[in-house]
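Undergrad: Just so it is clear, I am handing over entry-v3.pdb, which has PDB, C-alpha atoms, pLDDT in the B column.
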```pdb
ATOM      1  CA  MET X   1      -5.492 -16.609  14.389  1.00 49.00           C
ATOM      2  CA  ILE X   2      -3.863 -13.553  12.854  1.00 57.00           C
ATOM      3  CA  SER X   3      -0.706 -12.331  14.503  1.00 60.00           C
ATOM      4  CA  GLU X   4      -0.354  -8.622  13.800  1.00 66.00           C
ATOM      5  CA  LEU X   5       2.766  -6.511  13.782  1.00 72.00           C
ATOM      6  CA  PRO X   6       2.527  -2.948  15.111  1.00 83.00           C
ATOM      7  CA  LEU X   7       2.822  -1.405  11.646  1.00 85.00           C
ATOM      8  CA  LYS X   8       1.280   1.875  10.593  1.00 92.00           C
ATOM      9  CA  ILE X   9       2.722   2.253   7.086  1.00 94.00           C
ATOM     10  CA  VAL X  10       4.190   0.014   4.406  1.00 93.00           C
ATOM     11  CA  LYS X  11       6.304   0.850   1.367  1.00 93.00           C
ATOM     12  CA  PHE X  12       6.610  -1.249  -1.777  1.00 90.00           C
ATOM     13  CA  HIS X  13       9.289  -0.876  -4.385  1.00 85.00           C
ATOM     14  CA  GLN X  14      10.064  -2.816  -7.520  1.00 85.00           C
ATOM     15  CA  LEU X  15      13.639  -3.980  -7.890  1.00 88.00           C
ATOM     16  CA  GLN X  16      15.658  -1.682 -10.107  1.00 89.00           C
ATOM     17  CA  ILE X  17      19.206  -2.575 -11.125  1.00 92.00           C
ATOM     18  CA  ILE X  18      21.335   0.583 -11.165  1.00 93.00           C
ATOM     19  CA  LYS X  19      24.230   0.799 -13.623  1.00 94.00           C
ATOM     20  CA  GLY X  20      27.749   0.545 -12.203  1.00 95.00           C
ATOM     21  CA  THR X  21      26.719  -0.998  -8.869  1.00 96.00           C
ATOM     22  CA  ALA X  22      27.772  -4.249  -7.219  1.00 97.00           C
ATOM     23  CA  MET X  23      24.179  -5.421  -7.666  1.00 95.00           C
ATOM     24  CA  GLU X  24      24.402  -4.871 -11.411  1.00 95.00           C
ATOM     25  CA  ALA X  25      27.598  -6.951 -11.567  1.00 96.00           C
ATOM     26  CA  GLU X  26      25.912  -9.731  -9.606  1.00 96.00           C
ATOM     27  CA  PHE X  27      22.811  -9.513 -11.790  1.00 94.00           C
ATOM     28  CA  LEU X  28      24.897  -9.737 -14.975  1.00 94.00           C
ATOM     29  CA  ASN X  29      26.764 -12.772 -13.577  1.00 96.00           C
ATOM     30  CA  ASN X  30      23.709 -14.525 -12.081  1.00 95.00           C
ATOM     31  CA  PRO X  31      20.485 -13.215 -13.651  1.00 92.00           C
ATOM     32  CA  ALA X  32      18.554 -16.322 -12.555  1.00 94.00           C
ATOM     33  CA  GLU X  33      19.082 -15.259  -8.928  1.00 94.00           C
ATOM     34  CA  PHE X  34      16.908 -12.166  -9.456  1.00 92.00           C
ATOM     35  CA  HIS X  35      13.192 -11.870 -10.015  1.00 89.00           C
ATOM     36  CA  LEU X  36      12.335  -8.683 -11.864  1.00 88.00           C
ATOM     37  CA  PHE X  37       8.603  -8.104 -12.171  1.00 88.00           C
ATOM     38  CA  GLN X  38       7.179  -7.258 -15.551  1.00 88.00           C
ATOM     39  CA  TRP X  39       4.640  -4.435 -15.195  1.00 89.00           C
ATOM     40  CA  GLU X  40       1.490  -6.599 -15.439  1.00 91.00           C
ATOM     41  CA  GLU X  41       2.938  -9.147 -13.021  1.00 92.00           C
ATOM     42  CA  TYR X  42       3.756  -6.435 -10.482  1.00 91.00           C
ATOM     43  CA  LEU X  43       0.305  -4.894 -10.858  1.00 93.00           C
ATOM     44  CA  ASP X  44      -1.361  -8.261 -10.156  1.00 95.00           C
ATOM     45  CA  PHE X  45       0.972  -8.922  -7.206  1.00 94.00           C
ATOM     46  CA  PHE X  46       0.414  -5.483  -5.688  1.00 94.00           C
ATOM     47  CA  ILE X  47      -3.371  -5.663  -5.940  1.00 96.00           C
ATOM     48  CA  SER X  48      -3.449  -9.198  -4.553  1.00 96.00           C
ATOM     49  CA  PHE X  49      -1.305  -8.071  -1.625  1.00 94.00           C
ATOM     50  CA  ILE X  50      -3.284  -4.962  -0.722  1.00 95.00           C
ATOM     51  CA  GLU X  51      -6.558  -6.896  -0.887  1.00 95.00           C
ATOM     52  CA  ARG X  52      -5.181  -8.868   2.069  1.00 93.00           C
ATOM     53  CA  LEU X  53      -3.674  -5.862   3.855  1.00 93.00           C
ATOM     54  CA  THR X  54      -5.650  -4.329   6.694  1.00 91.00           C
ATOM     55  CA  PRO X  55      -7.045  -0.913   5.736  1.00 92.00           C
ATOM     56  CA  GLU X  56      -5.496   0.430   8.946  1.00 90.00           C
ATOM     57  CA  ILE X  57      -2.026   0.331   7.351  1.00 92.00           C
ATOM     58  CA  VAL X  58      -1.206   3.228   5.029  1.00 95.00           C
ATOM     59  CA  VAL X  59       0.469   2.317   1.745  1.00 94.00           C
ATOM     60  CA  GLU X  60       2.971   5.139   1.541  1.00 92.00           C
ATOM     61  CA  ARG X  61       4.799   4.045  -1.587  1.00 89.00           C
ATOM     62  CA  PHE X  62       4.215   1.373  -4.214  1.00 86.00           C
ATOM     63  CA  THR X  63       6.902   2.054  -6.772  1.00 85.00           C
ATOM     64  CA  GLY X  64      10.213   3.768  -7.291  1.00 82.00           C
ATOM     65  CA  GLU X  65      11.297   5.970 -10.128  1.00 80.00           C
ATOM     66  CA  ALA X  66      14.991   6.088 -10.951  1.00 83.00           C
ATOM     67  CA  PRO X  67      15.871   8.018 -14.107  1.00 85.00           C
ATOM     68  CA  PRO X  68      16.067   5.533 -17.009  1.00 83.00           C
ATOM     69  CA  ARG X  69      19.658   6.576 -17.800  1.00 88.00           C
ATOM     70  CA  PHE X  70      20.717   5.065 -14.446  1.00 91.00           C
ATOM     71  CA  LEU X  71      18.946   1.740 -14.954  1.00 89.00           C
ATOM     72  CA  SER X  72      20.654  -1.371 -16.216  1.00 87.00           C
ATOM     73  CA  ASN X  73      17.258  -2.697 -17.242  1.00 79.00           C
ATOM     74  CA  VAL X  74      14.111  -0.723 -18.001  1.00 69.00           C
ATOM     75  CA  LEU X  75      11.333  -3.287 -17.738  1.00 73.00           C
ATOM     76  CA  TRP X  76       8.387  -0.952 -17.313  1.00 77.00           C
ATOM     77  CA  GLY X  77       9.179   1.387 -20.130  1.00 72.00           C
ATOM     78  CA  LYS X  78       9.128   4.966 -19.019  1.00 74.00           C
ATOM     79  CA  LYS X  79       6.079   4.826 -16.764  1.00 79.00           C
ATOM     80  CA  ARG X  80       6.140   7.661 -14.278  1.00 81.00           C
ATOM     81  CA  THR X  81       4.746   7.362 -10.764  1.00 82.00           C
ATOM     82  CA  ASP X  82       1.625   9.403 -11.588  1.00 86.00           C
ATOM     83  CA  GLN X  83       0.884   7.099 -14.534  1.00 88.00           C
ATOM     84  CA  ILE X  84       1.324   4.056 -12.302  1.00 88.00           C
ATOM     85  CA  VAL X  85      -1.119   5.510  -9.757  1.00 89.00           C
ATOM     86  CA  ASN X  86      -3.700   5.917 -12.520  1.00 92.00           C
ATOM     87  CA  LEU X  87      -3.143   2.368 -13.803  1.00 92.00           C
ATOM     88  CA  ILE X  88      -3.479   0.876 -10.314  1.00 94.00           C
ATOM     89  CA  GLU X  89      -6.659   2.844  -9.615  1.00 95.00           C
ATOM     90  CA  LYS X  90      -8.104   1.771 -12.967  1.00 96.00           C
ATOM     91  CA  ARG X  91      -7.334  -1.912 -12.302  1.00 96.00           C
ATOM     92  CA  LEU X  92      -8.842  -1.707  -8.795  1.00 97.00           C
ATOM     93  CA  GLU X  93     -12.037  -0.283 -10.318  1.00 97.00           C
ATOM     94  CA  GLU X  94     -12.096  -2.926 -13.071  1.00 97.00           C
ATOM     95  CA  LEU X  95     -11.773  -5.689 -10.468  1.00 97.00           C
ATOM     96  CA  ASP X  96     -14.189  -3.972  -8.065  1.00 97.00           C
ATOM     97  CA  THR X  97     -11.671  -4.421  -5.272  1.00 97.00           C
ATOM     98  CA  TRP X  98      -9.874  -2.371  -2.626  1.00 96.00           C
ATOM     99  CA  GLN X  99      -7.313  -2.505   0.166  1.00 96.00           C
ATOM    100  CA  GLY X 100      -8.489  -4.903   2.857  1.00 95.00           C
ATOM    101  CA  ARG X 101     -11.262  -6.551   0.826  1.00 94.00           C
ATOM    102  CA  LEU X 102      -9.960 -10.013   1.757  1.00 93.00           C
ATOM    103  CA  TYR X 103      -8.345  -9.064   5.075  1.00 90.00           C
ATOM    104  CA  PRO X 104     -10.949 -10.505   7.479  1.00 79.00           C
ATOM    105  CA  ASN X 105     -10.816 -13.872   5.692  1.00 68.00           C
ATOM    106  CA  ILE X 106      -7.098 -14.495   6.172  1.00 60.00           C
ATOM    107  CA  HIS X 107      -6.047 -17.163   8.650  1.00 55.00           C
ATOM    108  CA  PHE X 108      -2.489 -18.097   9.486  1.00 52.00           C
ATOM    109  CA  ASN X 109      -1.531 -21.456  10.955  1.00 47.00           C
TER     110      ASN X 109
END
```
Since I need it in another form, could you write the structure as structure tokens?

TA:
Amino acid sequence: MISELPLKIVKFHQLQIIKGTAMEAEFLNNPAEFHLFQWEEYLDFFISFIERLTPEIVVERFTGEAPPRFLSNVLWGKKRTDQIVNLIEKRLEELDTWQGRLYPNIHFN
């Protein structure tokens, strides 16, 4: 049986470490405590997630874009949001998949 939350939208955001913040200091002291997605890994994760997400929920955001000069680590190069949209759409087409494709087949215990 699927237990649903009353959600209408969802936002995704990759973790970005901003220079000069407490999070950056913690990251520099304990990098193993953080999981920073490489671009391909995030793309696979995001597509896998939205395949299981009901089409009734709007994906309002799927990435963030801080200026590279503010980032402690630039893992995705200088990909801009519009480029990321194109890459996600291309991968969805390549895999012949879409949001909610696997949704009816999910069962929680």

Undergrad: Rounded to one decimal place, report the CA of Lys19 (chain X)-CA of Leu71 (chain X) distance in Å.

TA: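 Going from CA of Lys19 (chain X) over to CA of Leu71 (chain X), I get 5.5 Å.
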
Undergrad: So which one's closest to Pro104 (chain X), X:Leu75, X:Leu53, X:Val58, X:Ile88? Using only C-alpha atoms, please.

TA: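 So, comparing all the options, the nearest one is X:Leu53.
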
Undergrad: Have a look at X:Trp39, X:Lys90, X:Leu15, X:Lys8 and name the one nearest to Gly64 (chain X); count only C-alpha atoms.

TA: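 With only C-alpha atoms as the atom set, the closest residue is X:Leu15.
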
Undergrad: Written as a PyMOL selection string, which residues does the PyMOL selection byres ((chain X and resi 76) around 12) give for the file shown?

TA: chain X and resi 14-16+36-43+63-66+68+71+73-75+77-81+83-84

Undergrad: Can you tell me how far CA of Trp98 (chain X) sits from CA of Leu5 (chain X), in Å to one decimal?

TA: 21.1 Å

Undergrad: Using only C-alpha atoms, pick whichever of X:Thr54, X:Thr21, X:Ser48, X:Asn30 has the shortest atom-to-atom distance to Leu7 (chain X).

TA: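 Closest to Leu7 (chain X), using only C-alpha atoms: X:Thr54.
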
Undergrad: Quick one, how far is CA of Leu102 (chain X) from CA of Leu87 (chain X)?

TA: 21.0 Å

Undergrad: So, counting all atoms listed in the file, which residue among X:Pro55, X:Ser72, X:Asn86, X:Arg91 is closest to Met23 (chain X)?

TA: X:Ser72

Undergrad: From the list X:Phe70, X:Phe46, X:Arg61, X:Ala32, which residue is nearest Ile17 (chain X) when using all atoms listed in the file?

TA: X:Phe70

Undergrad: Tell me which of X:Phe45, X:Arg52, X:Leu95, X:Gly100 sits closest to His13 (chain X), counting all atoms listed in the file.

TA: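 Ranking X:Phe45, X:Arg52, X:Leu95, X:Gly100 by distance to His13 (chain X), first place goes to X:Phe45.
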
Undergrad: Put the listed atoms of region 88-95 of chain X in a box along x, y and z with 8 Å added on every side and give me the centre and edge lengths in Å to one decimal, as lines of an AutoDock Vina configuration file.

TA:
```
center_x = -7.8
center_y = -1.4
center_z = -10.9
size_x = 24.6
size_y = 24.5
size_z = 20.3
```
